[in-house]
Amino acid sequence: MEQQTDPDPVIRVVSFGYLHSGPPTGAHLVADVRAHFRDPHVSAELRALTSSSALVRETVLNTPGVPDLIAALAAAAAAMAAGPARADVAVAVGCAGGKHRAPTIAQEIVVRLEASGLPAAHERWHEAEPVVNR
């Protein structure tokens, strides 16, 4: 009789906007980036764009501290997935509107995890929502 092995845990990375909702229930790691990193929303040039824009991604990824945050969150998620319980891991990254910082950071976490051989998926909760006027 063959011994079955548990499938590798899936790491789900959710990006969301706090102005639309809170983080997903049951998230194991939650990163609230609102207070620590400048919001691209303040730039008229970037306001209507999303993380699918190279200019938004470049702006967010070149923000001091963001690359270190991405590395730390990816490492923490990988460490949790490597635990003996072999359970799925949920990571949530939230910014104000969910269009710029959160989805850019979340996608880069997924890229890092996949590059290390871990199955990961990005859920973009609010990126398609209308721009929140503040």
# chains A, B, ... in the order shown; residues from 1 in each chain; ligands from 1

call {"tool": "select_by_dssp", "arguments": {"residues": "chain A", "states": "strand (DSSP E)", "output": "list in words"}}
result
Ile11, Arg12, Val13, Val14, Ser15, Phe16, Gly17, Leu29, Val30, Ala31, Asp32, Val89, Ala90, Val91, Ala92, Val93, Gly94, Cys95, Ala120, Ala121, His122, Glu123 and Arg124 of chain A

call {"tool": "write_last_selection", "arguments": {"atoms": "all heavy atoms", "output": "short mmCIF file (atom, residue, chain, number, x, y, z; two decimals), in the first residue's frame"}}
result
data_model
loop_
_atom_site.label_atom_id
_atom_site.label_comp_id
_atom_site.auth_asym_id
_atom_site.auth_seq_id
_atom_site.Cartn_x
_atom_site.Cartn_y
_atom_site.Cartn_z
N ILE A 11 -0.62 29.00 -0.70
CA ILE A 11 -0.53 30.29 -0.04
C ILE A 11 -1.39 31.27 -0.83
O ILE A 11 -1.14 31.53 -2.00
CB ILE A 11 0.93 30.78 0.06
CG1 ILE A 11 1.76 29.74 0.83
CG2 ILE A 11 0.98 32.15 0.74
CD1 ILE A 11 3.24 30.00 0.83
N ARG A 12 -2.44 31.76 -0.18
CA ARG A 12 -3.38 32.69 -0.80
C ARG A 12 -3.01 34.09 -0.32
O ARG A 12 -2.96 34.36 0.88
CB ARG A 12 -4.80 32.33 -0.37
CG ARG A 12 -5.87 33.18 -0.97
CD ARG A 12 -7.24 32.65 -0.59
NE ARG A 12 -7.50 32.79 0.82
CZ ARG A 12 -8.47 33.55 1.34
NH1 ARG A 12 -9.28 34.20 0.56
NH2 ARG A 12 -8.62 33.61 2.64
N VAL A 13 -2.73 34.97 -1.26
CA VAL A 13 -2.36 36.35 -0.93
C VAL A 13 -3.49 37.25 -1.44
O VAL A 13 -3.75 37.31 -2.64
CB VAL A 13 -1.01 36.75 -1.56
CG1 VAL A 13 -0.60 38.14 -1.10
CG2 VAL A 13 0.08 35.73 -1.20
N VAL A 14 -4.14 37.92 -0.52
CA VAL A 14 -5.29 38.76 -0.84
C VAL A 14 -4.87 40.22 -0.73
O VAL A 14 -4.28 40.63 0.27
CB VAL A 14 -6.46 38.51 0.14
CG1 VAL A 14 -7.62 39.44 -0.15
CG2 VAL A 14 -6.89 37.05 0.08
N SER A 15 -5.15 41.00 -1.76
CA SER A 15 -4.97 42.45 -1.66
C SER A 15 -6.35 43.08 -1.55
O SER A 15 -7.30 42.64 -2.19
CB SER A 15 -4.20 43.00 -2.85
OG SER A 15 -4.83 42.72 -4.08
N PHE A 16 -6.45 44.10 -0.71
CA PHE A 16 -7.75 44.71 -0.46
C PHE A 16 -7.57 46.17 -0.05
O PHE A 16 -6.46 46.61 0.25
CB PHE A 16 -8.52 43.94 0.63
CG PHE A 16 -7.92 44.08 2.00
CD1 PHE A 16 -8.41 45.02 2.90
CD2 PHE A 16 -6.84 43.30 2.39
CE1 PHE A 16 -7.84 45.17 4.15
CE2 PHE A 16 -6.27 43.43 3.64
CZ PHE A 16 -6.77 44.38 4.53
N GLY A 17 -8.68 46.91 -0.04
CA GLY A 17 -8.68 48.29 0.40
C GLY A 17 -9.49 48.45 1.67
O GLY A 17 -10.65 48.04 1.73
N LEU A 29 -1.55 36.25 8.26
CA LEU A 29 -0.67 37.43 8.29
C LEU A 29 -1.43 38.58 7.65
O LEU A 29 -2.02 38.42 6.58
CB LEU A 29 0.60 37.17 7.46
CG LEU A 29 1.50 36.03 7.88
CD1 LEU A 29 2.52 35.73 6.78
CD2 LEU A 29 2.20 36.37 9.18
N VAL A 30 -1.42 39.74 8.31
CA VAL A 30 -2.07 40.93 7.76
C VAL A 30 -1.06 42.06 7.77
O VAL A 30 -0.49 42.37 8.81
CB VAL A 30 -3.33 41.33 8.56
CG1 VAL A 30 -3.95 42.60 7.99
CG2 VAL A 30 -4.35 40.20 8.59
N ALA A 31 -0.86 42.67 6.61
CA ALA A 31 0.02 43.83 6.50
C ALA A 31 -0.82 45.04 6.09
O ALA A 31 -1.41 45.05 5.02
CB ALA A 31 1.12 43.59 5.48
N ASP A 32 -0.87 46.02 6.97
CA ASP A 32 -1.58 47.28 6.70
C ASP A 32 -0.52 48.29 6.30
O ASP A 32 0.26 48.74 7.12
CB ASP A 32 -2.31 47.73 7.96
CG ASP A 32 -3.06 49.04 7.80
OD1 ASP A 32 -2.88 49.73 6.78
OD2 ASP A 32 -3.83 49.38 8.72
N VAL A 89 -2.15 28.72 3.85
CA VAL A 89 -1.79 29.96 4.52
C VAL A 89 -2.48 31.11 3.79
O VAL A 89 -2.50 31.15 2.56
CB VAL A 89 -0.25 30.19 4.48
CG1 VAL A 89 0.12 31.52 5.10
CG2 VAL A 89 0.48 29.04 5.16
N ALA A 90 -3.04 32.03 4.57
CA ALA A 90 -3.68 33.22 3.99
C ALA A 90 -2.92 34.47 4.45
O ALA A 90 -2.74 34.69 5.65
CB ALA A 90 -5.14 33.32 4.41
N VAL A 91 -2.49 35.25 3.48
CA VAL A 91 -1.79 36.52 3.73
C VAL A 91 -2.66 37.62 3.16
O VAL A 91 -3.17 37.50 2.04
CB VAL A 91 -0.41 36.54 3.03
CG1 VAL A 91 0.29 37.88 3.24
CG2 VAL A 91 0.45 35.38 3.48
N ALA A 92 -2.85 38.69 3.92
CA ALA A 92 -3.65 39.82 3.44
C ALA A 92 -2.80 41.08 3.47
O ALA A 92 -2.10 41.34 4.44
CB ALA A 92 -4.88 40.01 4.32
N VAL A 93 -2.86 41.84 2.38
CA VAL A 93 -2.14 43.10 2.29
C VAL A 93 -3.18 44.17 1.97
O VAL A 93 -3.87 44.08 0.95
CB VAL A 93 -1.06 43.07 1.19
CG1 VAL A 93 -0.30 44.39 1.15
CG2 VAL A 93 -0.10 41.90 1.39
N GLY A 94 -3.27 45.17 2.85
CA GLY A 94 -4.28 46.20 2.65
C GLY A 94 -3.69 47.59 2.58
O GLY A 94 -2.74 47.92 3.29
N CYS A 95 -4.26 48.38 1.68
CA CYS A 95 -3.94 49.81 1.60
C CYS A 95 -5.29 50.54 1.66
O CYS A 95 -6.30 49.94 2.00
CB CYS A 95 -3.13 50.14 0.35
SG CYS A 95 -3.94 49.79 -1.22
N ALA A 120 1.16 29.48 -4.99
CA ALA A 120 0.59 30.71 -4.42
C ALA A 120 -0.37 31.32 -5.43
O ALA A 120 -0.22 31.14 -6.64
CB ALA A 120 1.70 31.70 -4.08
N ALA A 121 -1.35 32.04 -4.92
CA ALA A 121 -2.34 32.70 -5.76
C ALA A 121 -2.66 34.07 -5.18
O ALA A 121 -2.65 34.25 -3.96
CB ALA A 121 -3.61 31.86 -5.86
N HIS A 122 -2.94 35.02 -6.07
CA HIS A 122 -3.27 36.38 -5.67
C HIS A 122 -4.74 36.65 -5.94
O HIS A 122 -5.21 36.48 -7.06
CB HIS A 122 -2.39 37.37 -6.45
CG HIS A 122 -2.63 38.80 -6.12
ND1 HIS A 122 -2.11 39.81 -6.89
CD2 HIS A 122 -3.34 39.42 -5.15
CE1 HIS A 122 -2.48 40.98 -6.38
NE2 HIS A 122 -3.24 40.76 -5.33
N GLU A 123 -5.46 37.07 -4.93
CA GLU A 123 -6.85 37.51 -5.07
C GLU A 123 -6.88 39.03 -4.93
O GLU A 123 -6.46 39.57 -3.90
CB GLU A 123 -7.74 36.89 -3.99
CG GLU A 123 -7.90 35.41 -4.09
CD GLU A 123 -8.75 34.84 -2.97
OE1 GLU A 123 -9.53 35.60 -2.34
OE2 GLU A 123 -8.63 33.64 -2.71
N ARG A 124 -7.40 39.70 -5.93
CA ARG A 124 -7.47 41.17 -5.93
C ARG A 124 -8.90 41.58 -5.61
O ARG A 124 -9.75 41.58 -6.49
CB ARG A 124 -7.07 41.71 -7.30
CG ARG A 124 -5.66 41.32 -7.71
CD ARG A 124 -5.44 41.56 -9.21
NE ARG A 124 -4.22 40.96 -9.66
CZ ARG A 124 -3.08 41.62 -9.78
NH1 ARG A 124 -3.01 42.91 -9.51
NH2 ARG A 124 -2.00 41.00 -10.19
#

call {"tool": "residues_around", "arguments": {"residues": "A:Ala87", "least_positions_apart": "5", "cutoff": "9 Å", "atoms": "only C-alpha atoms", "output": "list of chain:residue names"}}
result
A:Asp8, A:Pro9, A:Val10, A:Met80, A:Ala81, A:Ala82

call {"tool": "write_last_selection", "arguments": {"atoms": "N, CA, C and O atoms", "output": "compact mmCIF listing (two decimals), in the first residue's frame"}}
result
# COMPACT_ATOMS: atom_id res chain seq x y z
N ASP A 8 1.09 20.00 -1.07
CA ASP A 8 1.71 21.23 -0.56
C ASP A 8 0.62 22.24 -0.22
O ASP A 8 -0.36 22.37 -0.95
N PRO A 9 0.83 22.97 0.88
CA PRO A 9 -0.14 24.01 1.21
C PRO A 9 -0.15 25.09 0.13
O PRO A 9 0.87 25.37 -0.48
N VAL A 10 -1.30 25.65 -0.08
CA VAL A 10 -1.43 26.77 -1.01
C VAL A 10 -1.36 28.05 -0.19
O VAL A 10 -1.95 28.15 0.88
N MET A 80 5.39 29.46 7.46
CA MET A 80 4.12 28.90 7.94
C MET A 80 3.71 27.69 7.11
O MET A 80 3.25 26.68 7.65
N ALA A 81 3.89 27.77 5.80
CA ALA A 81 3.53 26.66 4.92
C ALA A 81 4.41 25.44 5.17
O ALA A 81 3.99 24.32 4.91
N ALA A 82 5.62 25.66 5.67
CA ALA A 82 6.54 24.56 5.92
C ALA A 82 6.28 23.86 7.25
O ALA A 82 6.89 22.83 7.53

call {"tool": "atom_distance", "arguments": {"atom1": "atom CA of A:Leu61", "atom2": "atom CA of A:Ala76"}}
result
19.2 Å

call {"tool": "atom_distance", "arguments": {"atom1": "atom CA of A:Leu49", "atom2": "atom CA of A:Val66"}}
result
19.2 Å

call {"tool": "atom_distance", "arguments": {"atom1": "atom CA of A:Glu108", "atom2": "atom CA of A:Pro64"}}
result
15.2 Å
